[in-house]
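Written out below as structure tokens is the structure these notes cover.
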Amino acid sequence: MDLDRRRFLTATAALAGAAAVLPATPAAARIASAPGAAPGDRLPPRREIVAVLRRVADQWIGAHGDPGDNQWARATFFSGLMALHGLTKEPRYLAYARGWAEKHGYALNGGVTTRHADNHCAGQAYLDLYEAEAEPDDAKIAAIEESLNRMVHTDRPEKNDDWWWDDALHMAMPPLARLGALRGDPAFATKMHALYTHTKGAEGGPGLYVPARGLWYRDKNFLPGAITSPAGLPVLWSRGNGWVAGAHAKVLAALPGGHPDVPEYRRTLVAELAALRDVQRADGFWNVNLADPAHLPGPETSGTAFFAYATAYAVRARLVPAATYGPVAARAWNGMVATAVHADGFLGYVQGVGDRPESSQPVNRDTTADFGVGAFLRAGTELAALAGTTG
């Protein structure tokens, strides 16, 4: 057996549930042994979750008078902010999001002819704003609808290789699912599944998904035999898998339960959550490389927030048992609040823009990014719903 194959199988075994196969790094060991460092596995009362969410959102808004561009990173923030508005009905959040969208004329970066998934991410927030109005205005979603309608019906509808990286699933799947449901056009979900199927099972040859692990490579550059960690283990990037988890949760929330593709999306999400449960850190976070805890070890918020969101969604949707996965989501939330949220609401330990563990390093208490804040807001709103109204 060649060396690459041995390394591949070693990581697969680790991620299949044998936690001892992945020895704790020195940093992880210190976290595990420090008194009081391990977060609780029960969610705080809903009101406490909401208070933290407001603090984090208010800090970001206060520090960013200009709401920013309409590219994927800032669009992910506004998707999270609109989820928080849905929870709190806070007028300031709606006004800030509306001001951002109006600044860009509800348009897409790249225009309506774009096929790039990153450019479609803004459509999620535009759809949120459309749905938040008492009398929805089709002008708010005209650009995202025209762009996706072109891909579905008129602009090379047979072309299904646009999503060559796993982040694309989060950026573009939710608006496709939501617009198809809104307009009653099943072709949107059919096209979405065709694009998804290429990414999952054909991109780069074998596809980016590894069924034996339940996890995803970021793109074909990380397939077995290509890029590895310094220890020779695979690179399974945390936030890349976070984008995937978030995509599945959002799509499942948008599609009717009887849709023929729903069982596959459910199975794939559940398999990923099972793999993630086995490699969650003692402090509630996940490392930037899920396959190698010694590869740039330390807490990281953006991947952790997406995993918390998807886990909480799956518990609420009864896709996974609450007794097993509720504590996973709670530890993630409690760990982020204890470690990453500053007193003023600044959210730290967010890895910046990149495509691998080495990107935007070092990650520390003072590193943040708009998409990380958005992921945290989205996670918290789902966790608040899980916590219920008691307490």
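In the structure tokens, chains take letters A, B, ... by order of appearance, with residues numbered from 1 within each chain and ligands from 1 in the order shown.
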
### Neighbour list for Met82 in chain A as a PyMOL selection string, cut-off 8 Å, only C-alpha atoms, skip fewer than 4 positions in-chain
chain A and resi 78+86+93-94+97+125+128-129

Keeping only C-alpha atoms, write the selected residues to a file as a PDB file, in the first residue's frame.
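Once everything was written out, this is part_16.pdb:
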```pdb
ATOM      1  CA  PHE A  78     -26.659  40.367   6.051  1.00  0.00           C
ATOM      2  CA  GLY A  86     -36.760  37.704  12.068  1.00  0.00           C
ATOM      3  CA  TYR A  93     -31.567  45.708  11.814  1.00  0.00           C
ATOM      4  CA  LEU A  94     -34.088  45.868   9.007  1.00  0.00           C
ATOM      5  CA  ALA A  97     -30.016  45.754   5.794  1.00  0.00           C
ATOM      6  CA  ALA A 125     -30.459  38.680   1.810  1.00  0.00           C
ATOM      7  CA  ASP A 128     -35.032  37.946   3.158  1.00  0.00           C
ATOM      8  CA  LEU A 129     -35.827  41.627   2.610  1.00  0.00           C
TER       9      LEU A 129
END
```

When DSSP is applied to the backbone of this structure, which of range 26-242 of chain A are assigned strand (DSSP E or B)? Write them out as a PDB file with N, CA and C atoms, in the first residue's frame.
```
ATOM      1  N   TYR A 209     -16.942  15.220  -2.316  1.00  0.00           N
ATOM      2  CA  TYR A 209     -17.502  14.556  -1.140  1.00  0.00           C
ATOM      3  C   TYR A 209     -16.902  13.166  -0.992  1.00  0.00           C
ATOM      4  N   VAL A 210     -16.582  12.812   0.257  1.00  0.00           N
ATOM      5  CA  VAL A 210     -16.059  11.475   0.546  1.00  0.00           C
ATOM      6  C   VAL A 210     -17.073  10.769   1.446  1.00  0.00           C
ATOM      7  N   LEU A 215     -17.474  14.084   4.998  1.00  0.00           N
ATOM      8  CA  LEU A 215     -16.927  15.435   4.890  1.00  0.00           C
ATOM      9  C   LEU A 215     -16.528  15.731   3.450  1.00  0.00           C
ATOM     10  N   TRP A 216     -16.147  16.981   3.204  1.00  0.00           N
ATOM     11  CA  TRP A 216     -15.904  17.480   1.857  1.00  0.00           C
ATOM     12  C   TRP A 216     -14.520  18.123   1.749  1.00  0.00           C
ATOM     13  N   THR A 228      -1.509  18.132   1.463  1.00  0.00           N
ATOM     14  CA  THR A 228      -1.702  17.496   2.764  1.00  0.00           C
ATOM     15  C   THR A 228      -1.235  18.434   3.866  1.00  0.00           C
ATOM     16  N   PRO A 234      -4.783  14.437   5.284  1.00  0.00           N
ATOM     17  CA  PRO A 234      -5.585  15.256   4.367  1.00  0.00           C
ATOM     18  C   PRO A 234      -5.918  16.616   4.964  1.00  0.00           C
ATOM     19  N   TRP A 237     -10.878  21.367   5.283  1.00  0.00           N
ATOM     20  CA  TRP A 237     -10.959  22.707   5.846  1.00  0.00           C
ATOM     21  C   TRP A 237     -12.268  22.910   6.586  1.00  0.00           C
TER      22      TRP A 237
END
```

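With distances restricted to only C-alpha atoms, A:Pro174 is the closest residue to Leu127 in chain A from A:Pro211, A:Pro174, A:Gly99, A:Gly62.
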
task = Using backbone DSSP assignments, extract all alpha helix (DSSP H) residues from range 53-204 of chain A; output them as a PyMOL selection string.
result = chain A and resi 53-63+72-88+91-103+117-120+122-132+142-149+167-183+186-201

If you count only C-alpha atoms, the residue of A:Asp161, A:Asp58, A:Asp366, A:Glu300 closest to Asp283 in chain A turns out to be A:Glu300

Next on the checklist: Measuring between only C-alpha atoms, which one of A:Lys250, A:Lys191, A:Arg150, A:Arg239 shows the shortest distance to Arg178 in chain A?
Outcome noted: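 Distance minimum relative to Arg178 in chain A lands on A:Lys250.
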
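Surrounding range 348-351 of chain A within 7 Å are A:Pro299, A:Glu300, A:Thr301, A:Ser302, A:Ala340, A:Val341, A:Ser360, A:Val363, A:Asn364, A:Arg365, A:Asp366, A:Thr367, A:Thr368, A:Ala369, A:Gly372, with only C-alpha atoms counted and residues fewer than 5 positions along the same chain left out.
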
Could you write out the selected residues, including N, CA and C atoms, as a PDB file, in the first residue's frame?
```
ATOM      1  N   PRO A 299      -8.854  27.575  18.537  1.00  0.00           N
ATOM      2  CA  PRO A 299     -10.268  27.831  18.258  1.00  0.00           C
ATOM      3  C   PRO A 299     -10.439  28.629  16.982  1.00  0.00           C
ATOM      4  N   GLU A 300     -11.535  28.371  16.262  1.00  0.00           N
ATOM      5  CA  GLU A 300     -11.859  29.121  15.033  1.00  0.00           C
ATOM      6  C   GLU A 300     -13.368  29.260  14.984  1.00  0.00           C
ATOM      7  N   THR A 301     -13.851  30.486  14.811  1.00  0.00           N
ATOM      8  CA  THR A 301     -15.259  30.779  15.006  1.00  0.00           C
ATOM      9  C   THR A 301     -16.132  30.544  13.782  1.00  0.00           C
ATOM     10  N   SER A 302     -15.640  30.846  12.573  1.00  0.00           N
ATOM     11  CA  SER A 302     -16.548  30.807  11.427  1.00  0.00           C
ATOM     12  C   SER A 302     -17.023  29.397  11.119  1.00  0.00           C
ATOM     13  N   ALA A 340     -14.778  33.739  22.241  1.00  0.00           N
ATOM     14  CA  ALA A 340     -14.649  34.602  21.069  1.00  0.00           C
ATOM     15  C   ALA A 340     -15.380  35.933  21.191  1.00  0.00           C
ATOM     16  N   VAL A 341     -16.418  36.016  22.025  1.00  0.00           N
ATOM     17  CA  VAL A 341     -17.203  37.254  22.126  1.00  0.00           C
ATOM     18  C   VAL A 341     -16.599  38.169  23.184  1.00  0.00           C
ATOM     19  N   SER A 360      -5.019  33.486   5.986  1.00  0.00           N
ATOM     20  CA  SER A 360      -5.324  34.547   6.962  1.00  0.00           C
ATOM     21  C   SER A 360      -4.891  34.181   8.377  1.00  0.00           C
ATOM     22  N   VAL A 363      -4.890  33.261  13.479  1.00  0.00           N
ATOM     23  CA  VAL A 363      -6.259  33.469  13.950  1.00  0.00           C
ATOM     24  C   VAL A 363      -6.189  33.638  15.463  1.00  0.00           C
ATOM     25  N   ASN A 364      -6.738  34.733  15.963  1.00  0.00           N
ATOM     26  CA  ASN A 364      -6.651  34.979  17.401  1.00  0.00           C
ATOM     27  C   ASN A 364      -7.873  35.760  17.880  1.00  0.00           C
ATOM     28  N   ARG A 365      -7.831  36.180  19.095  1.00  0.00           N
ATOM     29  CA  ARG A 365      -8.969  36.845  19.733  1.00  0.00           C
ATOM     30  C   ARG A 365      -9.365  38.136  19.017  1.00  0.00           C
ATOM     31  N   ASP A 366      -8.441  38.723  18.271  1.00  0.00           N
ATOM     32  CA  ASP A 366      -8.702  40.012  17.636  1.00  0.00           C
ATOM     33  C   ASP A 366      -8.897  39.923  16.135  1.00  0.00           C
ATOM     34  N   THR A 367      -9.066  38.710  15.581  1.00  0.00           N
ATOM     35  CA  THR A 367      -9.325  38.579  14.150  1.00  0.00           C
ATOM     36  C   THR A 367     -10.816  38.347  13.940  1.00  0.00           C
ATOM     37  N   THR A 368     -11.386  39.113  13.034  1.00  0.00           N
ATOM     38  CA  THR A 368     -12.815  38.980  12.756  1.00  0.00           C
ATOM     39  C   THR A 368     -13.074  39.182  11.276  1.00  0.00           C
ATOM     40  N   ALA A 369     -14.291  38.934  10.846  1.00  0.00           N
ATOM     41  CA  ALA A 369     -14.692  39.143   9.454  1.00  0.00           C
ATOM     42  C   ALA A 369     -16.210  39.145   9.391  1.00  0.00           C
ATOM     43  N   GLY A 372     -18.019  35.791   9.256  1.00  0.00           N
ATOM     44  CA  GLY A 372     -17.985  35.088  10.529  1.00  0.00           C
ATOM     45  C   GLY A 372     -19.052  35.607  11.471  1.00  0.00           C
TER      46      GLY A 372
END
```

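Coordinates place CA of Phe306 in chain A at a distance of 21.6 Å from CA of Ala294 in chain A.
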
(Q) Under the rule that only C-alpha atoms are counted, which of A:Ile49, A:Ala132, A:Ala75, A:Leu233 is the nearest residue to Glu382 in chain A? (A)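 Closest candidate: A:Ile49.
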
Shell of 10 Å around Ala187 in chain A, only C-alpha atoms, local chain residues under 6 positions omitted, as a compact mmCIF listing (two decimals) with N, CA and C atoms, in the first residue's frame:
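The resulting selection-v6.txt:
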```txt
# COMPACT_ATOMS: atom_id res chain seq x y z
N ASN A 149 -32.67 32.37 -13.31
CA ASN A 149 -33.57 31.89 -14.37
C ASN A 149 -32.79 31.65 -15.67
N VAL A 152 -31.09 28.33 -15.28
CA VAL A 152 -32.05 27.22 -15.27
C VAL A 152 -32.65 26.97 -16.64
N HIS A 153 -32.96 28.07 -17.36
CA HIS A 153 -33.80 27.91 -18.56
C HIS A 153 -33.15 28.32 -19.89
N LEU A 176 -31.60 29.38 -5.14
CA LEU A 176 -32.26 28.51 -6.12
C LEU A 176 -33.46 27.79 -5.50
N ALA A 177 -33.24 27.22 -4.31
CA ALA A 177 -34.33 26.50 -3.65
C ALA A 177 -35.48 27.43 -3.31
N GLY A 180 -37.37 28.75 -6.53
CA GLY A 180 -38.19 27.69 -7.10
C GLY A 180 -39.47 27.49 -6.33
N HIS A 193 -30.00 20.53 -8.08
CA HIS A 193 -29.52 19.18 -7.79
C HIS A 193 -28.49 18.73 -8.82
```

Pro45 in chain A surroundings by only C-alpha atoms, 12 Å radius, close-in-sequence under 2 positions cut, as number ranges by chain: A: 42-43, 47-52, 330, 334, 380, 383-391

Item to check | Polymer residues at most 12 Å from range 217-223 of chain A, only C-alpha atoms, same-chain spacing of 4 or more positions, as number ranges by chain | outcome: A: 4-5, 8, 163-169, 199-211, 213, 227-229, 233-244, 289-291, 354-357

At a cut-off of 10 Å, using only C-alpha atoms, what residues contact Ala139 in chain A? Leave out same-chain residues fewer than 6 positions from it and give the result as a ChimeraX atom specification. /A:105-107,126,130,145

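Minimum atom-to-atom distances from A:His64, A:Ala38, A:Ala314, A:Pro186 to Thr339 in chain A were compared using only C-alpha atoms, and the lowest value belongs to A:Ala38.
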
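Shortest separation to Gly232 in chain A among A:His295, A:Lys89, A:Arg46, A:Arg277 occurs at residue A:His295, atoms counted being only C-alpha atoms.
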